[in-house]
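A.B. asks: The structure under discussion is supplied below as structure tokens; questions concerning it will follow.
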Amino acid sequence: MARGVYEKVPGSGVWWIQYFEGGKRHREKVGAKSAAIKLYHTRKADATAGRKMPTLRNTRGITVGDLLDDALEYAAHHKDFQNYKSRAEIVRGTLGDIAATDLTPLDLKRWLNAHCKTPATANRYKSLVSLAYRVGGEAGKVTVNPARMVFHRPEPAGRKRYLMVEEKEYDRLYAAIMKLYPEHLAEFIVSVYTGMRLTEQYSCEWSQVSLSRKTIELTVTKNGFARTVRLNEKVVAAIESLRRPGQKKTDLVFPSTRKDYVTDTWFHPCLAEAGITGYVWHCNRHTFCSWLAMAGATDRQIMEAAGHKSLAMAAKYSHLSPRHTQSVVDML
């Protein structure tokens, strides 16, 4: 690879070039690696031949593609980065060469209608374009954001699947994990009985855990606010079983060989063994919240225990169990 070609943010897919002409350093953001290598050799040849270098940045029209490149750099370390990257390439294919100031809310709405089959998909692409313009605005490249004028599309709520007590689904899944992957049993128990999000649980370090106080102090959460997770006896015992000699405070409680903390490789076989369908790891959080609701917890208690942003989110669990709802009616 040419020495003057580099990826400013590793993994972003956005490549830059740098070269010197007359003792002056020049840098340009290009995009694809192959294009960067080609442009680098062109610039070096021009510099060697004494040809005038192009005036960069200040007079170059900013395109939607340029804003997408900046957005990818911004989101390079986000857990959903690969999805950002694939969506950006699709947007770039038809809108990338358009001047950023020329894209109107109507243009974006028409593009979403033509390329997105569901409201959820349209909302994800709208969010990407909005992010691109927001990052561009912070860099002083644009002053408007057309995505702000495009309405967010209502998405169907979908079913919040949880482990049915009357079907003994928890017991069946517990037994399946114990049989197939006993080394993962503790993390399953912690997930169900704390309701922590996947990234919250798998990024947790021993320094955040206090078994004497029965708490886990979360510093990185989806909402951006630190919160305290309360532990019951089952969780305390599960975490205690993970204690090993020589562990450091900065060690992860649940070490993973993958940065995205994928549990599918072992969790899905266990679900199949237990005969449980329509369930994924995040449903453990729904199980935690619905069990709290069935035990009589208030919406505010559920909100605080699960770290929800609003009471409305917690209230969705109040009516998850048909039998629980029937028991309330039967009281009349």
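Identifiers in this document derive from the order of the structure tokens: chains are assigned A, B, ..., residues are numbered from 1 separately in each chain, and ligands are numbered from 1 in order of occurrence.
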Which residues are close to range 214-226 of chain A, i.e. within 8 Å by only C-alpha atoms, leaving aside same-chain residues fewer than 5 positions away? Reply as an MDAnalysis selection string.
C.D. replies: chainID A and resid 200 204 208:209 231:232 236 309
A.B. asks: When DSSP works through the backbone of this structure, what residues of range 178-257 of chain A end up as alpha helix (DSSP H), shown as a short mmCIF file (atom, residue, chain, number, x, y, z; two decimals) with N, CA, C and O atoms, in the first residue's frame?
C.D. replies:
```cif
data_model
loop_
_atom_site.label_atom_id
_atom_site.label_comp_id
_atom_site.auth_asym_id
_atom_site.auth_seq_id
_atom_site.Cartn_x
_atom_site.Cartn_y
_atom_site.Cartn_z
N MET A 178 -27.83 -25.96 31.06
CA MET A 178 -27.05 -26.80 31.97
C MET A 178 -26.52 -28.04 31.25
O MET A 178 -25.40 -28.49 31.51
N LYS A 179 -27.30 -28.56 30.33
CA LYS A 179 -26.92 -29.76 29.61
C LYS A 179 -25.91 -29.48 28.49
O LYS A 179 -24.91 -30.20 28.36
N LEU A 180 -26.16 -28.42 27.71
CA LEU A 180 -25.33 -28.17 26.52
C LEU A 180 -24.16 -27.21 26.77
O LEU A 180 -23.06 -27.44 26.27
N LEU A 185 -24.33 -20.69 31.99
CA LEU A 185 -25.53 -20.64 32.82
C LEU A 185 -25.60 -19.36 33.65
O LEU A 185 -26.66 -18.74 33.78
N ALA A 186 -24.48 -18.95 34.23
CA ALA A 186 -24.46 -17.77 35.09
C ALA A 186 -24.90 -16.52 34.35
O ALA A 186 -25.68 -15.71 34.86
N GLU A 187 -24.42 -16.34 33.13
CA GLU A 187 -24.77 -15.12 32.39
C GLU A 187 -26.25 -15.11 32.00
O GLU A 187 -26.88 -14.05 31.92
N PHE A 188 -26.82 -16.30 31.77
CA PHE A 188 -28.26 -16.39 31.50
C PHE A 188 -29.06 -15.98 32.74
O PHE A 188 -30.01 -15.20 32.65
N ILE A 189 -28.68 -16.49 33.89
CA ILE A 189 -29.39 -16.16 35.13
C ILE A 189 -29.32 -14.66 35.40
O ILE A 189 -30.32 -14.02 35.74
N VAL A 190 -28.14 -14.09 35.24
CA VAL A 190 -27.95 -12.66 35.47
C VAL A 190 -28.82 -11.84 34.51
O VAL A 190 -29.44 -10.85 34.90
N SER A 191 -28.88 -12.27 33.25
CA SER A 191 -29.67 -11.55 32.25
C SER A 191 -31.14 -11.54 32.61
O SER A 191 -31.81 -10.49 32.57
N VAL A 192 -31.69 -12.69 33.00
CA VAL A 192 -33.12 -12.80 33.29
C VAL A 192 -33.49 -12.06 34.57
O VAL A 192 -34.52 -11.39 34.64
N TYR A 193 -32.64 -12.13 35.58
CA TYR A 193 -33.00 -11.59 36.89
C TYR A 193 -32.51 -10.16 37.15
O TYR A 193 -32.70 -9.62 38.24
N THR A 194 -31.85 -9.55 36.15
CA THR A 194 -31.48 -8.14 36.28
C THR A 194 -32.08 -7.30 35.16
O THR A 194 -32.25 -6.08 35.32
N LEU A 198 -27.83 -6.31 26.69
CA LEU A 198 -26.69 -7.16 26.36
C LEU A 198 -25.36 -6.43 26.52
O LEU A 198 -24.43 -6.94 27.14
N THR A 199 -25.24 -5.21 25.96
CA THR A 199 -23.98 -4.48 26.05
C THR A 199 -23.67 -4.04 27.47
O THR A 199 -22.51 -3.95 27.86
N GLU A 200 -24.71 -3.76 28.25
CA GLU A 200 -24.50 -3.39 29.65
C GLU A 200 -23.90 -4.56 30.43
O GLU A 200 -22.97 -4.38 31.22
N GLN A 201 -24.45 -5.74 30.19
CA GLN A 201 -23.98 -6.91 30.92
C GLN A 201 -22.59 -7.33 30.50
O GLN A 201 -21.72 -7.59 31.36
N TYR A 202 -22.34 -7.39 29.19
CA TYR A 202 -21.07 -7.94 28.73
C TYR A 202 -19.92 -6.93 28.73
O TYR A 202 -18.78 -7.30 28.45
N GLU A 233 -30.72 -12.92 45.31
CA GLU A 233 -29.82 -13.99 45.76
C GLU A 233 -29.38 -14.89 44.60
O GLU A 233 -28.25 -15.37 44.57
N LYS A 234 -30.27 -15.12 43.64
CA LYS A 234 -29.91 -15.96 42.50
C LYS A 234 -28.78 -15.34 41.70
O LYS A 234 -27.84 -16.03 41.26
N VAL A 235 -28.85 -14.03 41.50
CA VAL A 235 -27.83 -13.33 40.73
C VAL A 235 -26.51 -13.28 41.50
O VAL A 235 -25.43 -13.49 40.94
N VAL A 236 -26.60 -13.01 42.80
CA VAL A 236 -25.38 -12.98 43.62
C VAL A 236 -24.66 -14.33 43.54
O VAL A 236 -23.44 -14.38 43.36
N ALA A 237 -25.41 -15.42 43.65
CA ALA A 237 -24.81 -16.75 43.59
C ALA A 237 -24.22 -17.02 42.21
O ALA A 237 -23.13 -17.61 42.09
N ALA A 238 -24.90 -16.58 41.16
CA ALA A 238 -24.41 -16.79 39.80
C ALA A 238 -23.10 -16.05 39.56
O ALA A 238 -22.14 -16.59 38.99
N ILE A 239 -23.04 -14.79 40.00
CA ILE A 239 -21.81 -14.01 39.82
C ILE A 239 -20.69 -14.55 40.69
O ILE A 239 -19.53 -14.61 40.27
N GLU A 240 -21.03 -14.96 41.90
CA GLU A 240 -20.01 -15.55 42.79
C GLU A 240 -19.37 -16.77 42.17
O GLU A 240 -18.18 -17.03 42.37
#
```
A.B. asks: Any idea what's packed within 10 Å of Ala305 in chain A, counting only C-alpha atoms, ignoring anything in its chain fewer than 4 positions away? Could you give it as a list in words?
C.D. replies: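 Everything that qualifies: Thr194, Gly195, Met196, Arg227, Thr228, Val229, Arg230, Phe288, Cys289, Leu292, Ala297, Asp299, Arg300, Gln301 and Ala314 of chain A.
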A.B. asks: Keeping only C-alpha atoms, write the selected residues as a CSV table (one decimal), in the first residue's frame.
C.D. replies:
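The resulting file, part14.csv, is shown below:
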```csv
chain,number,residue,atom,x,y,z
A,194,THR,CA,-31.5,-8.1,36.3
A,195,GLY,CA,-32.9,-7.2,32.9
A,196,MET,CA,-29.6,-5.6,31.8
A,227,ARG,CA,-27.7,3.6,37.1
A,228,THR,CA,-27.6,1.0,39.9
A,229,VAL,CA,-28.7,-2.5,39.2
A,230,ARG,CA,-30.1,-4.4,42.2
A,288,PHE,CA,-37.5,-9.6,33.7
A,289,CYS,CA,-40.0,-6.7,33.2
A,292,LEU,CA,-42.0,-7.8,37.8
A,297,ALA,CA,-44.5,-4.0,40.7
A,299,ASP,CA,-44.7,1.1,36.4
A,300,ARG,CA,-42.3,3.4,38.1
A,301,GLN,CA,-40.6,0.4,39.9
A,314,ALA,CA,-42.4,0.4,31.5
```
A.B. asks: So that I can see what lies close to Gly278 in chain A, please list as an MDAnalysis selection string the residues with an atom at most 10 Å from it, counting only C-alpha atoms and leaving out residues fewer than 2 positions away in the same chain.
C.D. replies: chainID A and resid 159:162 271 276 280 283
